[in-house]
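Student: File follows, structure.csv with CSV, C-alpha atoms:
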chain,number,residue,atom,x,y,z
N,1,MET,CA,-44.3,116.7,-13.2
N,2,MET,CA,-46.3,118.1,-10.3
N,3,GLY,CA,-49.6,119.9,-10.6
N,4,GLU,CA,-51.5,121.9,-7.9
N,5,LEU,CA,-55.2,121.1,-7.3
N,6,SER,CA,-57.7,122.1,-4.6
N,7,PRO,CA,-56.6,121.2,-1.1
N,8,ALA,CA,-57.9,117.9,0.3
N,9,SER,CA,-59.9,118.3,3.5
N,10,SER,CA,-57.6,116.1,5.7
N,11,PRO,CA,-54.8,116.5,8.1
N,12,HIS,CA,-52.5,115.2,5.3
N,13,GLN,CA,-52.2,116.3,1.7
N,14,LEU,CA,-53.1,113.7,-0.8
N,15,VAL,CA,-51.0,113.3,-3.9
N,16,LEU,CA,-52.2,111.3,-6.9
N,17,ALA,CA,-49.3,109.6,-8.6
N,18,SER,CA,-51.0,109.7,-12.0
N,19,ALA,CA,-51.8,112.3,-14.6
N,20,SER,CA,-54.8,110.3,-15.7
N,21,PRO,CA,-58.0,112.4,-16.0
N,22,ARG,CA,-60.0,109.2,-15.5
N,23,ARG,CA,-58.5,108.6,-12.1
N,24,LEU,CA,-59.2,112.2,-11.0
N,25,GLU,CA,-62.8,111.9,-12.1
N,26,LEU,CA,-63.2,108.6,-10.3
N,27,LEU,CA,-61.8,110.0,-7.1
N,28,ARG,CA,-64.3,112.9,-7.3
N,29,ARG,CA,-67.1,110.3,-7.3
N,30,ILE,CA,-66.1,109.5,-3.7
N,31,GLY,CA,-65.7,113.1,-2.7
N,32,VAL,CA,-61.9,113.2,-2.9
N,33,THR,CA,-59.8,115.9,-4.7
N,34,PRO,CA,-56.0,115.4,-4.4
N,35,SER,CA,-54.0,118.4,-3.4
N,36,ARG,CA,-51.4,117.6,-6.1
N,37,VAL,CA,-50.8,115.4,-9.0
N,38,VAL,CA,-47.3,113.9,-9.5
N,39,ALA,CA,-46.8,112.2,-12.9
N,40,THR,CA,-44.2,109.5,-12.2
N,41,ASP,CA,-42.0,108.1,-14.9
N,42,ILE,CA,-41.1,104.5,-14.3
N,43,ASP,CA,-40.1,101.5,-16.5
N,44,GLU,CA,-43.4,99.6,-17.1
N,45,THR,CA,-41.8,96.8,-19.0
N,46,PRO,CA,-43.0,93.4,-17.7
N,47,ARG,CA,-40.3,91.2,-16.1
N,48,ARG,CA,-39.6,87.8,-17.6
N,49,GLY,CA,-42.3,85.4,-16.6
N,50,GLU,CA,-44.3,88.1,-14.7
N,51,ARG,CA,-48.0,87.4,-14.6
N,52,PRO,CA,-50.7,90.2,-15.1
N,53,ARG,CA,-51.7,90.3,-11.4
N,54,ALA,CA,-48.1,90.6,-10.1
N,55,HIS,CA,-47.3,93.2,-12.8
N,56,ALA,CA,-50.2,95.5,-11.9
N,57,SER,CA,-49.3,95.3,-8.2
N,58,ARG,CA,-45.6,95.9,-8.7
N,59,LEU,CA,-46.2,98.9,-11.0
N,60,ALA,CA,-48.7,100.5,-8.5
N,61,ALA,CA,-46.2,100.2,-5.7
N,62,GLU,CA,-43.3,101.5,-7.8
N,63,LYS,CA,-45.3,104.5,-8.9
N,64,ALA,CA,-46.3,105.2,-5.2
N,65,ARG,CA,-42.6,105.0,-4.1
N,66,ALA,CA,-41.5,107.3,-6.9
N,67,ALA,CA,-44.1,109.9,-6.0
N,68,ALA,CA,-43.3,109.6,-2.2
N,69,ALA,CA,-39.7,110.5,-3.0
N,70,LEU,CA,-41.0,113.8,-4.4
N,71,ALA,CA,-43.6,114.5,-1.8
N,72,PRO,CA,-42.4,112.7,1.4
N,73,ASP,CA,-44.8,114.4,3.8
N,74,CYS,CA,-48.0,113.5,1.9
N,75,VAL,CA,-50.3,110.6,1.5
N,76,ILE,CA,-49.6,109.1,-1.9
N,77,LEU,CA,-52.1,107.2,-4.0
N,78,ALA,CA,-50.9,105.3,-7.1
N,79,GLY,CA,-52.6,102.8,-9.4
N,80,ASP,CA,-52.0,100.6,-12.3
N,81,THR,CA,-54.4,98.7,-14.5
N,82,VAL,CA,-53.4,95.6,-16.5
N,83,VAL,CA,-55.5,93.6,-19.0
N,84,GLY,CA,-54.6,89.9,-19.0
N,85,ALA,CA,-55.5,87.2,-21.5
N,86,GLY,CA,-54.6,84.0,-19.7
N,87,THR,CA,-51.0,84.6,-18.5
N,88,ARG,CA,-50.4,87.2,-21.2
N,89,ILE,CA,-50.1,90.9,-20.4
N,90,LEU,CA,-51.7,93.0,-23.0
N,91,PRO,CA,-49.9,96.2,-23.8
N,92,LYS,CA,-51.2,99.8,-23.7
N,93,ALA,CA,-52.0,100.4,-27.3
N,94,GLU,CA,-50.0,103.3,-28.7
N,95,ASP,CA,-50.6,102.6,-32.4
N,96,GLU,CA,-53.5,101.2,-34.5
N,97,ALA,CA,-51.7,97.9,-35.2
N,98,THR,CA,-51.4,97.1,-31.5
N,99,ALA,CA,-55.0,98.1,-30.8
N,100,ARG,CA,-56.2,95.9,-33.6
N,101,GLN,CA,-54.2,92.9,-32.3
N,102,CYS,CA,-55.6,93.4,-28.8
N,103,LEU,CA,-59.2,93.6,-30.0
N,104,ALA,CA,-58.8,90.6,-32.2
N,105,LEU,CA,-57.4,88.7,-29.2
N,106,LEU,CA,-60.3,89.8,-26.9
N,107,SER,CA,-63.1,89.3,-29.4
N,108,GLY,CA,-65.6,86.6,-28.3
N,109,ARG,CA,-63.7,85.6,-25.2
N,110,ARG,CA,-63.3,86.4,-21.5
N,111,HIS,CA,-60.3,88.3,-20.1
N,112,ARG,CA,-59.3,89.7,-16.8
N,113,VAL,CA,-58.6,93.3,-15.7
N,114,PHE,CA,-56.3,93.7,-12.7
N,115,SER,CA,-56.5,97.1,-11.1
N,116,ALA,CA,-53.9,97.6,-8.3
N,117,ILE,CA,-53.6,100.5,-5.9
N,118,ALA,CA,-50.9,101.5,-3.5
N,119,VAL,CA,-51.1,104.1,-0.7
N,120,ILE,CA,-48.0,105.4,1.1
N,121,THR,CA,-48.5,107.4,4.3
N,122,PRO,CA,-46.0,110.0,5.6
N,123,ASP,CA,-44.5,107.5,8.0
N,124,GLY,CA,-43.5,105.3,5.0
N,125,ALA,CA,-46.1,102.6,5.5
N,126,LEU,CA,-47.3,101.0,2.2
N,127,ARG,CA,-50.8,99.6,1.9
N,128,GLU,CA,-51.9,97.8,-1.2
N,129,ALA,CA,-55.1,96.4,-2.7
N,130,LEU,CA,-56.1,94.8,-6.0
N,131,SER,CA,-59.4,94.2,-7.8
N,132,GLU,CA,-59.8,91.5,-10.4
N,133,THR,CA,-62.6,91.9,-12.9
N,134,ILE,CA,-63.7,89.4,-15.5
N,135,VAL,CA,-64.9,90.9,-18.7
N,136,ARG,CA,-66.4,89.1,-21.7
N,137,PHE,CA,-66.5,90.7,-25.2
N,138,LYS,CA,-69.0,89.7,-27.9
N,139,ARG,CA,-67.4,88.4,-31.1
N,140,LEU,CA,-66.4,91.5,-33.0
N,141,SER,CA,-66.8,91.9,-36.7
N,142,ASP,CA,-64.0,93.4,-38.8
N,143,GLU,CA,-66.3,96.4,-39.3
N,144,GLU,CA,-66.8,96.9,-35.6
N,145,MET,CA,-63.1,96.7,-34.9
N,146,GLU,CA,-62.2,99.2,-37.6
N,147,SER,CA,-64.9,101.6,-36.6
N,148,TYR,CA,-63.7,101.5,-33.0
N,149,ILE,CA,-60.1,102.0,-34.1
N,150,ALA,CA,-61.0,105.0,-36.2
N,151,GLY,CA,-62.6,106.6,-33.2
N,152,GLY,CA,-59.3,106.7,-31.3
N,153,GLU,CA,-60.6,105.8,-27.9
N,154,TRP,CA,-58.0,103.0,-27.7
N,155,HIS,CA,-55.0,105.2,-27.6
N,156,GLY,CA,-52.9,104.7,-24.5
N,157,LYS,CA,-55.4,102.2,-23.0
N,158,ALA,CA,-54.5,98.9,-21.5
N,159,GLY,CA,-55.7,96.1,-23.8
N,160,GLY,CA,-56.6,98.6,-26.5
N,161,TYR,CA,-60.0,99.7,-25.3
N,162,ALA,CA,-61.7,102.1,-22.8
N,163,ILE,CA,-64.8,100.6,-21.2
N,164,GLN,CA,-66.1,104.0,-20.2
N,165,GLY,CA,-66.5,104.8,-23.9
N,166,SER,CA,-68.1,103.0,-26.8
N,167,ALA,CA,-66.3,99.8,-26.1
N,168,GLU,CA,-68.8,99.2,-23.3
N,169,GLY,CA,-71.1,98.2,-26.1
N,170,PHE,CA,-68.8,95.2,-26.8
N,171,CYS,CA,-69.1,93.9,-23.2
N,172,ASP,CA,-71.9,91.4,-22.8
N,173,TRP,CA,-70.9,90.3,-19.3
N,174,LEU,CA,-68.8,91.7,-16.4
N,175,SER,CA,-68.0,90.4,-13.0
N,176,GLY,CA,-66.1,92.6,-10.6
N,177,SER,CA,-65.4,96.3,-10.5
N,178,HIS,CA,-66.5,98.6,-13.3
N,179,SER,CA,-64.5,101.5,-11.9
N,180,GLY,CA,-61.5,99.1,-11.7
N,181,VAL,CA,-61.7,98.5,-15.4
N,182,ILE,CA,-61.7,102.2,-16.0
N,183,GLY,CA,-58.6,102.6,-13.9
N,184,LEU,CA,-59.3,102.9,-10.2
N,185,PRO,CA,-61.3,100.4,-8.1
N,186,LEU,CA,-63.4,102.7,-5.9
N,187,PHE,CA,-64.3,100.2,-3.2
N,188,GLU,CA,-60.6,99.3,-2.5
N,189,THR,CA,-59.5,103.0,-2.9
N,190,ARG,CA,-62.0,104.3,-0.4
N,191,LYS,CA,-61.0,101.7,2.1
N,192,LEU,CA,-57.2,102.4,1.8
N,193,LEU,CA,-57.7,106.2,1.9
N,194,ARG,CA,-59.8,106.1,5.0
N,195,ALA,CA,-57.2,103.9,6.7
N,196,ALA,CA,-54.6,106.6,5.7
N,197,GLY,CA,-56.7,109.4,7.3
N,198,ILE,CA,-58.1,110.9,4.1
N,199,ASP,CA,-61.7,112.1,4.3
N,200,VAL,CA,-63.9,110.1,1.9
N,201,CYS,CA,-67.6,110.4,1.5
Starting from the coordinates I provided, produce the structure as structure tokens.

Tutor:
Amino acid sequence: MMGELSPASSPHQLVLASASPRRLELLRRIGVTPSRVVATDIDETPRRGERPRAHASRLAAEKARAAAALAPDCVILAGDTVVGAGTRILPKAEDEATARQCLALLSGRRHRVFSAIAVITPDGALREALSETIVRFKRLSDEEMESYIAGGEWHGKAGGYAIQGSAEGFCDWLSGSHSGVIGLPLFETRKLLRAAGIDVC
């Protein structure tokens, strides 16, 4: 699916390979509005033995390549965010049971959020970057978990939570990229887009 947005002020059109409104908002924080949005549809199933870091990087690159096939003359930006508990890849929560399992696993412990980005330029060059953020949650009571689940913020979110919402109140320590945990690490994104010729503030 492809959507038209305001033109990017650059010699090349920028295509965001994600329909995530969070990523659009994060891009606007650095003065970037994609010309188009291409929602890619790839298999996001982890491979046997795949670690969270490698999984995030692979999916970002695959999304970028899928979008580049649909918009070959554009600069493509794709991203993927994975929550890892040890070597375990936590799923994107699509139901309450999964969200509950994720929150119970993250309660009172540290976990890592890997946010990968991939940029493909019209000449086919692929540039990649990844941010790694350590997040620590307070120990959650049953009442806190059930209240959060009832609010619905977890739906479709990696690890069953959205740090830009009320789950930020569970986080008592973070080391790394806050924007990366939301879904797009702005430091790395800005660097790669500038290298690709996209105007960034």

Student: Near Ala71 in chain N, within 12 Å and counting only C-alpha atoms, which residues show up once chain neighbours fewer than 3 positions away are dropped, as a PyMOL selection string?

Tutor: chain N and resi 1-3+12-17+35-40+64-68+74-77+120-122+124

Student: I'd like to know which of N:Glu146, N:Glu188, N:Gln101, N:Lys138 is closest to Gly169 in chain N, using all atoms listed in the file.

Tutor: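 Comparing N:Glu146, N:Glu188, N:Gln101, N:Lys138 against Gly169 in chain N, the winner is N:Lys138.
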
Student: Given the point (-61.5, 100.3, -22.9) in the coordinates of this file, which residues lie within 12 Å, counting all atoms listed in the file, and how would they look as JSON, numbers by chain?

Tutor: {"N": [22, 81, 82, 83, 92, 93, 99, 102, 103, 106, 113, 135, 137, 148, 149, 152, 153, 154, 155, 156, 157, 158, 159, 160, 161, 162, 163, 164, 165, 166, 167, 168, 169, 170, 171, 178, 179, 180, 181, 182, 183]}

Student: If we count all atoms listed in the file and set the cut-off at 9 Å, which residues sit around Ile117 in chain N, ignoring sequence neighbours fewer than 6 positions away in its own chain? Please answer as a list in words.

Tutor: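 Once the nearby chain positions are removed, what remains is Ala56, Ser57, Ala60, Ala61, Ala64, Leu77, Ala78, Gly79, Asp80, Thr81, Arg127, Glu128, Ala129, Leu130, Ser131, Leu184, Pro185, Glu188, Thr189 and Leu192 of chain N.
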
Student: Write a file of the just-selected residues containing C-alpha atoms, as a compact mmCIF listing (two decimals), keeping the file's coordinate frame.

Tutor:
# COMPACT_ATOMS: atom_id res chain seq x y z
CA ALA N 56 -50.20 95.50 -11.90
CA SER N 57 -49.30 95.30 -8.20
CA ALA N 60 -48.70 100.50 -8.50
CA ALA N 61 -46.20 100.20 -5.70
CA ALA N 64 -46.30 105.20 -5.20
CA LEU N 77 -52.10 107.20 -4.00
CA ALA N 78 -50.90 105.30 -7.10
CA GLY N 79 -52.60 102.80 -9.40
CA ASP N 80 -52.00 100.60 -12.30
CA THR N 81 -54.40 98.70 -14.50
CA ARG N 127 -50.80 99.60 1.90
CA GLU N 128 -51.90 97.80 -1.20
CA ALA N 129 -55.10 96.40 -2.70
CA LEU N 130 -56.10 94.80 -6.00
CA SER N 131 -59.40 94.20 -7.80
CA LEU N 184 -59.30 102.90 -10.20
CA PRO N 185 -61.30 100.40 -8.10
CA GLU N 188 -60.60 99.30 -2.50
CA THR N 189 -59.50 103.00 -2.90
CA LEU N 192 -57.20 102.40 1.80

Student: Which residue is closest to Lys191 in chain N? Choose from N:Ala97, N:Ala118, N:Ala69, N:Ala54 and count all atoms listed in the file.

Tutor: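 Between N:Ala97, N:Ala118, N:Ala69, N:Ala54, the residue approaching Lys191 in chain N most closely is N:Ala118.
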
Student: Which one is closest to Ala104 in chain N: N:Leu90, N:Leu140, N:Val119, N:Ile134? Count all atoms listed in the file.

Tutor: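 Answer, going by the shortest atom-to-atom distance: N:Leu140.
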
Student: Figure out the distance between CA of Arg58 in chain N and CA of Leu105 in chain N, please, to one decimal in Å.

Tutor: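 Computing the Euclidean distance for CA of Leu105 in chain N and CA of Arg58 in chain N yields 24.7 Å.
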
Student: With only C-alpha atoms as the atoms that count, which of N:Asp123, N:Thr45, N:Leu174, N:Arg100 lies nearest to Glu143 in chain N?

Tutor: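 For Glu143 in chain N, the nearest of the given residues is N:Arg100.
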
Student: Taking all listed atoms of range 95-112 of chain N, build the axis-aligned box, pad each of the six sides by 4 Å, then write its centre and edge lengths in Å to one decimal as AutoDock Vina command-line options.

Tutor:
--center_x -58.1 --center_y 94.1 --center_z -26.0 --size_x 23.0 --size_y 25.0 --size_z 26.4

Student: Using CA of Arg112 in chain N and CA of Gly84 in chain N as the two end points, give the distance in Å to one decimal.

Tutor: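 CA of Arg112 in chain N sits 5.2 Å away from CA of Gly84 in chain N.
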
Student: Rounded to one decimal in Å, what is the spacing between CA of Leu59 in chain N and CA of Ile89 in chain N?

Tutor: 12.9 Å
